[in-house]
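A.B. asks: Just run18.cif, nothing more (mmCIF, C-alpha atoms; chains and numbers go by the auth columns):
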```
data_entry
loop_
_atom_site.group_PDB
_atom_site.id
_atom_site.type_symbol
_atom_site.label_atom_id
_atom_site.label_comp_id
_atom_site.label_asym_id
_atom_site.label_seq_id
_atom_site.Cartn_x
_atom_site.Cartn_y
_atom_site.Cartn_z
_atom_site.B_iso_or_equiv
_atom_site.auth_seq_id
_atom_site.auth_asym_id
ATOM 1 C CA MET A 1 11.087 -2.369 15.768 0.00 1 A
ATOM 2 C CA SER A 2 12.075 -5.889 14.773 0.00 2 A
ATOM 3 C CA GLN A 3 11.180 -5.348 11.122 0.00 3 A
ATOM 4 C CA SER A 4 13.006 -3.036 8.768 0.00 4 A
ATOM 5 C CA ILE A 5 11.162 0.171 8.007 0.00 5 A
ATOM 6 C CA ILE A 6 9.919 0.471 4.422 0.00 6 A
ATOM 7 C CA ILE A 7 8.850 3.767 2.894 0.00 7 A
ATOM 8 C CA SER A 8 6.786 3.320 -0.262 0.00 8 A
ATOM 9 C CA PRO A 9 6.399 6.732 -1.957 0.00 9 A
ATOM 10 C CA SER A 10 3.048 7.164 -3.656 0.00 10 A
ATOM 11 C CA LEU A 11 3.325 7.942 -7.339 0.00 11 A
ATOM 12 C CA LEU A 12 -0.090 9.609 -7.013 0.00 12 A
ATOM 13 C CA SER A 13 1.657 12.614 -5.444 0.00 13 A
ATOM 14 C CA ALA A 14 4.287 12.888 -8.175 0.00 14 A
ATOM 15 C CA ASP A 15 4.175 14.931 -11.390 0.00 15 A
ATOM 16 C CA PHE A 16 2.306 12.710 -13.849 0.00 16 A
ATOM 17 C CA THR A 17 4.162 14.316 -16.758 0.00 17 A
ATOM 18 C CA LYS A 18 7.458 13.087 -15.276 0.00 18 A
ATOM 19 C CA LEU A 19 6.799 9.612 -13.948 0.00 19 A
ATOM 20 C CA ALA A 20 10.181 8.229 -14.971 0.00 20 A
ATOM 21 C CA ALA A 21 11.871 11.060 -13.095 0.00 21 A
ATOM 22 C CA ALA A 22 9.631 10.373 -10.099 0.00 22 A
ATOM 23 C CA LEU A 23 10.858 6.784 -9.971 0.00 23 A
ATOM 24 C CA LYS A 24 14.440 8.016 -10.115 0.00 24 A
ATOM 25 C CA THR A 25 13.756 10.436 -7.260 0.00 25 A
ATOM 26 C CA ALA A 26 12.590 7.534 -5.098 0.00 26 A
ATOM 27 C CA GLU A 27 15.578 5.410 -6.076 0.00 27 A
ATOM 28 C CA ASN A 28 18.068 8.192 -5.416 0.00 28 A
ATOM 29 C CA ALA A 29 16.519 8.837 -2.001 0.00 29 A
ATOM 30 C CA GLY A 30 17.113 5.218 -1.047 0.00 30 A
ATOM 31 C CA CYS A 31 13.496 4.081 -1.085 0.00 31 A
ATOM 32 C CA PRO A 32 13.149 0.356 -1.817 0.00 32 A
ATOM 33 C CA TRP A 33 9.489 0.488 -2.956 0.00 33 A
ATOM 34 C CA ILE A 34 7.129 2.606 -5.038 0.00 34 A
ATOM 35 C CA HIS A 35 3.384 2.676 -4.334 0.00 35 A
ATOM 36 C CA LEU A 36 1.053 2.493 -7.325 0.00 36 A
ATOM 37 C CA ASP A 37 -2.440 3.784 -6.563 0.00 37 A
ATOM 38 C CA VAL A 38 -4.744 2.215 -9.143 0.00 38 A
ATOM 39 C CA MET A 39 -8.207 3.825 -9.100 0.00 39 A
ATOM 40 C CA ASP A 40 -11.065 3.050 -11.459 0.00 40 A
ATOM 41 C CA GLY A 41 -13.548 5.885 -10.841 0.00 41 A
ATOM 42 C CA HIS A 42 -16.077 3.367 -9.477 0.00 42 A
ATOM 43 C CA PHE A 43 -14.761 1.817 -6.275 0.00 43 A
ATOM 44 C CA VAL A 44 -13.346 5.241 -5.442 0.00 44 A
ATOM 45 C CA PRO A 45 -14.311 8.634 -6.930 0.00 45 A
ATOM 46 C CA ASN A 46 -11.078 9.130 -8.829 0.00 46 A
ATOM 47 C CA LEU A 47 -9.329 7.724 -11.882 0.00 47 A
ATOM 48 C CA THR A 48 -5.569 7.278 -12.103 0.00 48 A
ATOM 49 C CA PHE A 49 -3.684 4.716 -14.190 0.00 49 A
ATOM 50 C CA GLY A 50 -3.649 1.015 -14.897 0.00 50 A
ATOM 51 C CA PRO A 51 -1.592 -1.857 -16.293 0.00 51 A
ATOM 52 C CA PRO A 52 -0.315 -0.127 -19.472 0.00 52 A
ATOM 53 C CA VAL A 53 1.335 2.668 -17.486 0.00 53 A
ATOM 54 C CA ILE A 54 2.746 0.229 -14.940 0.00 54 A
ATOM 55 C CA ALA A 55 4.104 -2.005 -17.698 0.00 55 A
ATOM 56 C CA ALA A 56 5.764 0.998 -19.366 0.00 56 A
ATOM 57 C CA LEU A 57 7.495 1.948 -16.103 0.00 57 A
ATOM 58 C CA ARG A 58 8.581 -1.550 -15.119 0.00 58 A
ATOM 59 C CA PRO A 59 11.671 -1.838 -17.382 0.00 59 A
ATOM 60 C CA ILE A 60 13.160 1.431 -16.165 0.00 60 A
ATOM 61 C CA SER A 61 13.148 0.728 -12.423 0.00 61 A
ATOM 62 C CA ASN A 62 14.332 -1.898 -9.970 0.00 62 A
ATOM 63 C CA LEU A 63 12.035 -0.638 -7.223 0.00 63 A
ATOM 64 C CA VAL A 64 9.522 -3.026 -5.692 0.00 64 A
ATOM 65 C CA PHE A 65 6.247 -2.217 -7.448 0.00 65 A
ATOM 66 C CA ASP A 66 3.636 -2.039 -4.692 0.00 66 A
ATOM 67 C CA ALA A 67 0.226 -1.898 -6.390 0.00 67 A
ATOM 68 C CA HIS A 68 -2.871 -0.897 -4.423 0.00 68 A
ATOM 69 C CA LEU A 69 -5.941 -1.805 -6.453 0.00 69 A
ATOM 70 C CA MET A 70 -8.828 0.488 -5.546 0.00 70 A
ATOM 71 C CA ILE A 71 -11.075 -1.075 -8.164 0.00 71 A
ATOM 72 C CA GLU A 72 -14.408 -2.871 -8.354 0.00 72 A
ATOM 73 C CA ASN A 73 -13.306 -6.023 -10.145 0.00 73 A
ATOM 74 C CA PRO A 74 -9.965 -7.240 -8.761 0.00 74 A
ATOM 75 C CA ASP A 75 -10.925 -10.897 -9.139 0.00 75 A
ATOM 76 C CA GLU A 76 -11.276 -10.524 -12.907 0.00 76 A
ATOM 77 C CA THR A 77 -8.269 -8.274 -13.514 0.00 77 A
ATOM 78 C CA ILE A 78 -5.573 -9.179 -10.996 0.00 78 A
ATOM 79 C CA GLU A 79 -3.536 -11.052 -13.601 0.00 79 A
ATOM 80 C CA TRP A 80 -3.261 -7.842 -15.621 0.00 80 A
ATOM 81 C CA TYR A 81 -1.169 -6.375 -12.811 0.00 81 A
ATOM 82 C CA LEU A 82 0.958 -9.492 -12.526 0.00 82 A
ATOM 83 C CA ASP A 83 1.628 -9.301 -16.249 0.00 83 A
ATOM 84 C CA ALA A 84 2.505 -5.605 -15.897 0.00 84 A
ATOM 85 C CA GLY A 85 5.259 -6.431 -13.425 0.00 85 A
ATOM 86 C CA CYS A 86 3.861 -5.699 -9.968 0.00 86 A
ATOM 87 C CA ASP A 87 5.646 -7.344 -7.038 0.00 87 A
ATOM 88 C CA TYR A 88 3.013 -6.758 -4.353 0.00 88 A
ATOM 89 C CA ILE A 89 -0.663 -6.583 -5.269 0.00 89 A
ATOM 90 C CA THR A 90 -3.095 -5.406 -2.627 0.00 90 A
ATOM 91 C CA VAL A 91 -6.845 -5.622 -3.150 0.00 91 A
ATOM 92 C CA HIS A 92 -9.713 -4.323 -1.046 0.00 92 A
ATOM 93 C CA LEU A 93 -11.683 -6.852 0.946 0.00 93 A
ATOM 94 C CA GLU A 94 -14.787 -4.769 0.235 0.00 94 A
ATOM 95 C CA ALA A 95 -14.410 -5.417 -3.518 0.00 95 A
ATOM 96 C CA ALA A 96 -13.211 -9.020 -3.427 0.00 96 A
ATOM 97 C CA ASN A 97 -15.265 -12.060 -4.342 0.00 97 A
ATOM 98 C CA ASP A 98 -12.731 -14.831 -3.667 0.00 98 A
ATOM 99 C CA VAL A 99 -9.735 -13.682 -1.641 0.00 99 A
ATOM 100 C CA ASN A 100 -8.160 -17.127 -1.423 0.00 100 A
ATOM 101 C CA LYS A 101 -8.301 -17.654 -5.176 0.00 101 A
ATOM 102 C CA MET A 102 -6.649 -14.294 -5.823 0.00 102 A
ATOM 103 C CA ALA A 103 -3.953 -15.067 -3.268 0.00 103 A
ATOM 104 C CA GLU A 104 -3.267 -18.405 -4.948 0.00 104 A
ATOM 105 C CA CYS A 105 -3.034 -16.696 -8.325 0.00 105 A
ATOM 106 C CA VAL A 106 -0.528 -14.123 -7.079 0.00 106 A
ATOM 107 C CA HIS A 107 1.560 -16.672 -5.190 0.00 107 A
ATOM 108 C CA SER A 108 1.637 -18.987 -8.207 0.00 108 A
ATOM 109 C CA ARG A 109 3.500 -16.235 -10.030 0.00 109 A
ATOM 110 C CA GLY A 110 6.007 -15.827 -7.210 0.00 110 A
ATOM 111 C CA LYS A 111 4.598 -12.484 -6.077 0.00 111 A
ATOM 112 C CA LYS A 112 3.114 -11.166 -2.826 0.00 112 A
ATOM 113 C CA PHE A 113 -0.552 -10.688 -2.000 0.00 113 A
ATOM 114 C CA GLY A 114 -2.009 -7.977 0.205 0.00 114 A
ATOM 115 C CA LEU A 115 -5.446 -7.187 1.566 0.00 115 A
ATOM 116 C CA SER A 116 -6.771 -3.768 2.523 0.00 116 A
ATOM 117 C CA ILE A 117 -9.797 -2.329 4.285 0.00 117 A
ATOM 118 C CA LYS A 118 -11.291 1.153 4.416 0.00 118 A
ATOM 119 C CA PRO A 119 -11.355 3.124 7.693 0.00 119 A
ATOM 120 C CA ASP A 120 -14.985 2.200 8.378 0.00 120 A
ATOM 121 C CA ALA A 121 -14.493 -1.566 7.959 0.00 121 A
ATOM 122 C CA CYS A 122 -14.055 -3.837 10.963 0.00 122 A
ATOM 123 C CA VAL A 123 -10.483 -4.969 11.508 0.00 123 A
ATOM 124 C CA SER A 124 -11.842 -8.379 12.521 0.00 124 A
ATOM 125 C CA SER A 125 -13.085 -8.865 8.946 0.00 125 A
ATOM 126 C CA LEU A 126 -9.469 -9.603 7.990 0.00 126 A
ATOM 127 C CA GLU A 127 -9.091 -12.516 10.407 0.00 127 A
ATOM 128 C CA PRO A 128 -10.288 -15.307 8.071 0.00 128 A
ATOM 129 C CA TYR A 129 -7.571 -14.392 5.563 0.00 129 A
ATOM 130 C CA LEU A 130 -4.493 -14.160 7.775 0.00 130 A
ATOM 131 C CA ASP A 131 -3.226 -17.481 6.433 0.00 131 A
ATOM 132 C CA CYS A 132 -3.107 -16.319 2.818 0.00 132 A
ATOM 133 C CA VAL A 133 -1.885 -12.719 2.968 0.00 133 A
ATOM 134 C CA ASP A 134 1.669 -11.438 2.889 0.00 134 A
ATOM 135 C CA MET A 135 0.660 -7.875 3.742 0.00 135 A
ATOM 136 C CA ILE A 136 -2.266 -6.047 5.311 0.00 136 A
ATOM 137 C CA LEU A 137 -2.878 -2.423 4.346 0.00 137 A
ATOM 138 C CA ILE A 138 -4.749 -0.313 6.855 0.00 138 A
ATOM 139 C CA MET A 139 -6.121 2.837 5.266 0.00 139 A
ATOM 140 C CA SER A 140 -5.623 5.866 7.505 0.00 140 A
ATOM 141 C CA VAL A 141 -7.733 8.021 5.161 0.00 141 A
ATOM 142 C CA TYR A 142 -10.694 7.202 2.940 0.00 142 A
ATOM 143 C CA PRO A 143 -9.239 5.977 -0.362 0.00 143 A
ATOM 144 C CA GLY A 144 -9.511 8.062 -3.496 0.00 144 A
ATOM 145 C CA PHE A 145 -7.421 11.201 -3.122 0.00 145 A
ATOM 146 C CA SER A 146 -3.976 12.202 -1.921 0.00 146 A
ATOM 147 C CA GLY A 147 -3.289 14.919 0.629 0.00 147 A
ATOM 148 C CA GLN A 148 -5.904 13.901 3.209 0.00 148 A
ATOM 149 C CA SER A 149 -5.334 14.171 6.948 0.00 149 A
ATOM 150 C CA PHE A 150 -4.474 11.136 9.040 0.00 150 A
ATOM 151 C CA ILE A 151 -7.451 9.626 10.884 0.00 151 A
ATOM 152 C CA PRO A 152 -6.392 9.357 14.573 0.00 152 A
ATOM 153 C CA GLU A 153 -8.475 6.221 15.196 0.00 153 A
ATOM 154 C CA THR A 154 -6.058 4.385 12.888 0.00 154 A
ATOM 155 C CA VAL A 155 -3.751 3.916 15.873 0.00 155 A
ATOM 156 C CA ASP A 156 -6.398 1.875 17.700 0.00 156 A
ATOM 157 C CA ARG A 157 -7.113 -0.128 14.553 0.00 157 A
ATOM 158 C CA LEU A 158 -3.437 -0.993 14.198 0.00 158 A
ATOM 159 C CA ARG A 159 -3.296 -2.055 17.829 0.00 159 A
ATOM 160 C CA GLU A 160 -6.279 -4.340 17.239 0.00 160 A
ATOM 161 C CA LEU A 161 -4.721 -5.792 14.113 0.00 161 A
ATOM 162 C CA LYS A 162 -1.416 -6.445 15.841 0.00 162 A
ATOM 163 C CA ALA A 163 -3.153 -8.295 18.672 0.00 163 A
ATOM 164 C CA MET A 164 -5.231 -10.312 16.208 0.00 164 A
ATOM 165 C CA CYS A 165 -2.161 -11.368 14.228 0.00 165 A
ATOM 166 C CA GLU A 166 -0.254 -12.294 17.373 0.00 166 A
ATOM 167 C CA SER A 167 -3.177 -14.377 18.605 0.00 167 A
ATOM 168 C CA ALA A 168 -3.285 -16.223 15.276 0.00 168 A
ATOM 169 C CA GLY A 169 0.490 -16.684 15.173 0.00 169 A
ATOM 170 C CA ARG A 170 0.739 -14.755 11.891 0.00 170 A
ATOM 171 C CA THR A 171 3.190 -12.029 10.946 0.00 171 A
ATOM 172 C CA PRO A 172 2.028 -10.283 7.761 0.00 172 A
ATOM 173 C CA LEU A 173 3.765 -7.066 6.843 0.00 173 A
ATOM 174 C CA ILE A 174 1.548 -4.229 8.068 0.00 174 A
ATOM 175 C CA GLN A 175 1.292 -1.214 5.786 0.00 175 A
ATOM 176 C CA VAL A 176 -0.383 2.131 6.471 0.00 176 A
ATOM 177 C CA ASP A 177 -1.561 4.541 3.780 0.00 177 A
ATOM 178 C CA GLY A 178 -2.911 8.065 4.214 0.00 178 A
ATOM 179 C CA GLY A 179 -1.606 11.175 5.918 0.00 179 A
ATOM 180 C CA ILE A 180 1.751 9.584 6.702 0.00 180 A
ATOM 181 C CA ASN A 181 4.397 12.171 7.544 0.00 181 A
ATOM 182 C CA PRO A 182 7.107 12.713 10.178 0.00 182 A
ATOM 183 C CA ASP A 183 4.454 13.521 12.791 0.00 183 A
ATOM 184 C CA THR A 184 2.280 10.440 12.261 0.00 184 A
ATOM 185 C CA ILE A 185 4.676 7.703 11.226 0.00 185 A
ATOM 186 C CA GLY A 186 5.893 6.954 14.749 0.00 186 A
ATOM 187 C CA LEU A 187 2.327 6.537 16.011 0.00 187 A
ATOM 188 C CA CYS A 188 1.812 3.746 13.485 0.00 188 A
ATOM 189 C CA SER A 189 5.224 2.156 13.896 0.00 189 A
ATOM 190 C CA ALA A 190 4.609 1.835 17.624 0.00 190 A
ATOM 191 C CA GLN A 191 1.602 -0.387 16.852 0.00 191 A
ATOM 192 C CA GLY A 192 3.432 -2.802 14.575 0.00 192 A
ATOM 193 C CA ALA A 193 3.318 -1.110 11.171 0.00 193 A
ATOM 194 C CA ALA A 194 6.560 -1.411 9.222 0.00 194 A
ATOM 195 C CA CYS A 195 5.622 -0.241 5.715 0.00 195 A
ATOM 196 C CA PHE A 196 4.417 3.299 5.114 0.00 196 A
ATOM 197 C CA VAL A 197 2.942 4.917 2.029 0.00 197 A
ATOM 198 C CA ALA A 198 4.159 8.514 1.890 0.00 198 A
ATOM 199 C CA GLY A 199 2.701 10.774 -0.774 0.00 199 A
ATOM 200 C CA ASN A 200 2.990 14.495 -0.258 0.00 200 A
ATOM 201 C CA ALA A 201 5.413 14.006 2.637 0.00 201 A
ATOM 202 C CA PHE A 202 7.886 12.631 0.121 0.00 202 A
ATOM 203 C CA TYR A 203 7.162 14.074 -3.313 0.00 203 A
ATOM 204 C CA LYS A 204 6.188 17.556 -2.112 0.00 204 A
ATOM 205 C CA ALA A 205 9.160 17.841 0.239 0.00 205 A
ATOM 206 C CA ASP A 206 11.899 20.336 -0.589 0.00 206 A
ATOM 207 C CA ASP A 207 14.402 17.497 -0.205 0.00 207 A
ATOM 208 C CA PRO A 208 12.756 14.085 -0.734 0.00 208 A
ATOM 209 C CA ALA A 209 15.889 12.197 0.295 0.00 209 A
ATOM 210 C CA ALA A 210 16.055 14.066 3.594 0.00 210 A
ATOM 211 C CA ALA A 211 12.331 13.530 4.126 0.00 211 A
ATOM 212 C CA TYR A 212 12.819 9.805 3.557 0.00 212 A
ATOM 213 C CA GLN A 213 15.639 9.584 6.079 0.00 213 A
ATOM 214 C CA ASP A 214 13.653 11.583 8.623 0.00 214 A
ATOM 215 C CA MET A 215 10.602 9.319 8.343 0.00 215 A
ATOM 216 C CA VAL A 216 12.690 6.154 8.598 0.00 216 A
ATOM 217 C CA ALA A 217 14.436 7.492 11.692 0.00 217 A
ATOM 218 C CA ARG A 218 11.193 8.492 13.378 0.00 218 A
ATOM 219 C CA ALA A 219 9.553 5.146 12.631 0.00 219 A
ATOM 220 C CA ALA A 220 12.558 3.221 13.901 0.00 220 A
ATOM 221 C CA ALA A 221 12.883 5.276 17.073 0.00 221 A
ATOM 222 C CA VAL A 222 9.757 3.933 18.807 0.00 222 A
#
```
Could you spell out this file's structure in structure tokens?
C.D. replies:
Amino acid sequence: MSQSIIISPSLLSADFTKLAAALKTAENAGCPWIHLDVMDGHFVPNLTFGPPVIAALRPISNLVFDAHLMIENPDETIEWYLDAGCDYITVHLEAANDVNKMAECVHSRGKKFGLSIKPDACVSSLEPYLDCVDMILIMSVYPGFSGQSFIPETVDRLRELKAMCESAGRTPLIQVDGGINPDTIGLCSAQGAACFVAGNAFYKADDPAAAYQDMVARAAAV
């Protein structure tokens, strides 16, 4: 792999009564990022947290705040997440009205913009936006709940995305979210993914730090 491997533990899999401790667990393990699954109960059938919780956590952590907005109205609310202190903000193409305008907004604040698609969306739908994205998030489960099994067809989708980016001369960071664990991470890394959202594989592990090191090693080995 030419890119450094990034593990972004999903706070969705942590104990919600101990979020500050969950951030510290990620920091102590050596993780550089934390993944913030924002769900509104409309775009996906679950409700998690929003800008007030993120803003409360921001002062107590130096981790990169990697926000994944699974919401219906990202165009109208994206600045809320910038104000809350997010470093990467990823929105779903399926919910977006004006991708380029959102990207400009995020970049104007010195932050990074990502775009995601669900498992049943065509990878080619991302092609018009390769010039304005810093990261592409390929969902390897249907968004909404943690603990789902990895969808095997994700490997083919990553291969298609990698070829599309190479053809366009673009190198966005490729992130994968859903069912990532020591058994699946290498499959994705081999197809160009370098950033991995790990929920249960990290926070439910007996030793999160050891789990982190194991996943990094397996991703880097391909």
A.B. asks: Evaluate the PyMOL selection byres ((chain A and resi 48) around 6) and record the selected residues as a CSV table (one decimal) with C-alpha atoms, in the frame of the given file, following the chain and residue labels used in the document.
C.D. replies:
```csv
chain,number,residue,atom,x,y,z
A,38,VAL,CA,-4.7,2.2,-9.1
A,39,MET,CA,-8.2,3.8,-9.1
A,47,LEU,CA,-9.3,7.7,-11.9
A,49,PHE,CA,-3.7,4.7,-14.2
```
A.B. asks: Quick one: of A:Glu27, A:Glu72, A:Asp177, A:Asp131, who's nearest to Phe43 of chain A, counting all atoms listed in the file?
C.D. replies: A:Glu72
A.B. asks: When you look at Thr154 of chain A with a cut-off of 12 Å (counting only C-alpha atoms), what residues show up, excluding the ones that are within fewer than 6 positions of it in the same chain? I need them as a ChimeraX atom specification.
C.D. replies: /A:117-123,137-142,160-161,175-180,184-185,187-191,193
A.B. asks: Go through the shown structure with the PyMOL selection byres ((chain A and resi 134) around 8) and write out the matching residues as a PyMOL selection string.
C.D. replies: chain A and resi 112-114+132-133+135-136+172-173
A.B. asks: In Å, how far is it from atom CA of Cys86 of chain A to atom CA of Ser8 of chain A?
C.D. replies: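 Going from atom CA of Cys86 of chain A over to atom CA of Ser8 of chain A, I get 13.6 Å.
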A.B. asks: What residues come out when you apply the PyMOL selection byres ((chain A and resi 205-210) around 8) to this file, written as a PyMOL selection string?
C.D. replies: chain A and resi 25-26+28-30+200-204+211-214
A.B. asks: Save out the residues we just selected, C-alpha atoms, as a PDB file, keeping the file's coordinate frame.
C.D. replies:
```pdb
ATOM      1  CA  THR A  25      13.756  10.436  -7.260  1.00  0.00           C
ATOM      2  CA  ALA A  26      12.590   7.534  -5.098  1.00  0.00           C
ATOM      3  CA  ASN A  28      18.068   8.192  -5.416  1.00  0.00           C
ATOM      4  CA  ALA A  29      16.519   8.837  -2.001  1.00  0.00           C
ATOM      5  CA  GLY A  30      17.113   5.218  -1.047  1.00  0.00           C
ATOM      6  CA  ASN A 200       2.990  14.495  -0.258  1.00  0.00           C
ATOM      7  CA  ALA A 201       5.413  14.006   2.637  1.00  0.00           C
ATOM      8  CA  PHE A 202       7.886  12.631   0.121  1.00  0.00           C
ATOM      9  CA  TYR A 203       7.162  14.074  -3.313  1.00  0.00           C
ATOM     10  CA  LYS A 204       6.188  17.556  -2.112  1.00  0.00           C
ATOM     11  CA  ALA A 211      12.331  13.530   4.126  1.00  0.00           C
ATOM     12  CA  TYR A 212      12.819   9.805   3.557  1.00  0.00           C
ATOM     13  CA  GLN A 213      15.639   9.584   6.079  1.00  0.00           C
ATOM     14  CA  ASP A 214      13.653  11.583   8.623  1.00  0.00           C
TER      15      ASP A 214
END
```
A.B. asks: Measuring between all atoms listed in the file, which one of A:Ile60, A:Ala96, A:Val106, A:Ile151 shows the shortest distance to Leu82 of chain A?
C.D. replies: A:Val106
A.B. asks: Just want the 9 Å neighbourhood of Ser10 of chain A, counted on all atoms listed in the file, with same-chain residues fewer than 2 positions away dropped. Output as JSON, numbers by chain.
C.D. replies: {"A": [8, 12, 13, 14, 34, 35, 36, 37, 146, 197, 198, 199, 200, 202, 203]}
A.B. asks: Taking C-alpha atoms for each residue, export the selection above as an mmCIF file, in the coordinates of the input.
C.D. replies:
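Final output, saved to out-v8.cif:
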```cif
data_model
loop_
_atom_site.group_PDB
_atom_site.id
_atom_site.type_symbol
_atom_site.label_atom_id
_atom_site.label_comp_id
_atom_site.auth_asym_id
_atom_site.auth_seq_id
_atom_site.Cartn_x
_atom_site.Cartn_y
_atom_site.Cartn_z
ATOM 1 C CA SER A 8 6.786 3.320 -0.262
ATOM 2 C CA LEU A 12 -0.090 9.609 -7.013
ATOM 3 C CA SER A 13 1.657 12.614 -5.444
ATOM 4 C CA ALA A 14 4.287 12.888 -8.175
ATOM 5 C CA ILE A 34 7.129 2.606 -5.038
ATOM 6 C CA HIS A 35 3.384 2.676 -4.334
ATOM 7 C CA LEU A 36 1.053 2.493 -7.325
ATOM 8 C CA ASP A 37 -2.440 3.784 -6.563
ATOM 9 C CA SER A 146 -3.976 12.202 -1.921
ATOM 10 C CA VAL A 197 2.942 4.917 2.029
ATOM 11 C CA ALA A 198 4.159 8.514 1.890
ATOM 12 C CA GLY A 199 2.701 10.774 -0.774
ATOM 13 C CA ASN A 200 2.990 14.495 -0.258
ATOM 14 C CA PHE A 202 7.886 12.631 0.121
ATOM 15 C CA TYR A 203 7.162 14.074 -3.313
#
```
A.B. asks: Atom CA of Ala194 of chain A and atom CA of Leu19 of chain A, how far apart in Å?
C.D. replies: 25.7 Å
A.B. asks: Please put the answer as AutoDock Vina command-line options: centre and edge lengths, in Å with one decimal, of a box along x, y and z that encloses all listed atoms of segment 91-96 of chain A plus 6 Å on each side.
C.D. replies:
```
--center_x -10.8 --center_y -6.7 --center_z -1.3 --size_x 19.9 --size_y 16.7 --size_z 16.5
```
A.B. asks: Go through A:Gly169, A:Gly50, A:Gly110, A:Gly186 and flag the residue nearest Leu130 of chain A, using all atoms listed in the file for the distances.
C.D. replies: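 The shortest atom-to-atom distance to Leu130 of chain A comes from A:Gly169.
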A.B. asks: Under the rule that only C-alpha atoms are counted, which of A:Ile7, A:Met164, A:Ala84, A:Ala220 is the nearest residue to Ser125 of chain A?
C.D. replies: A:Met164
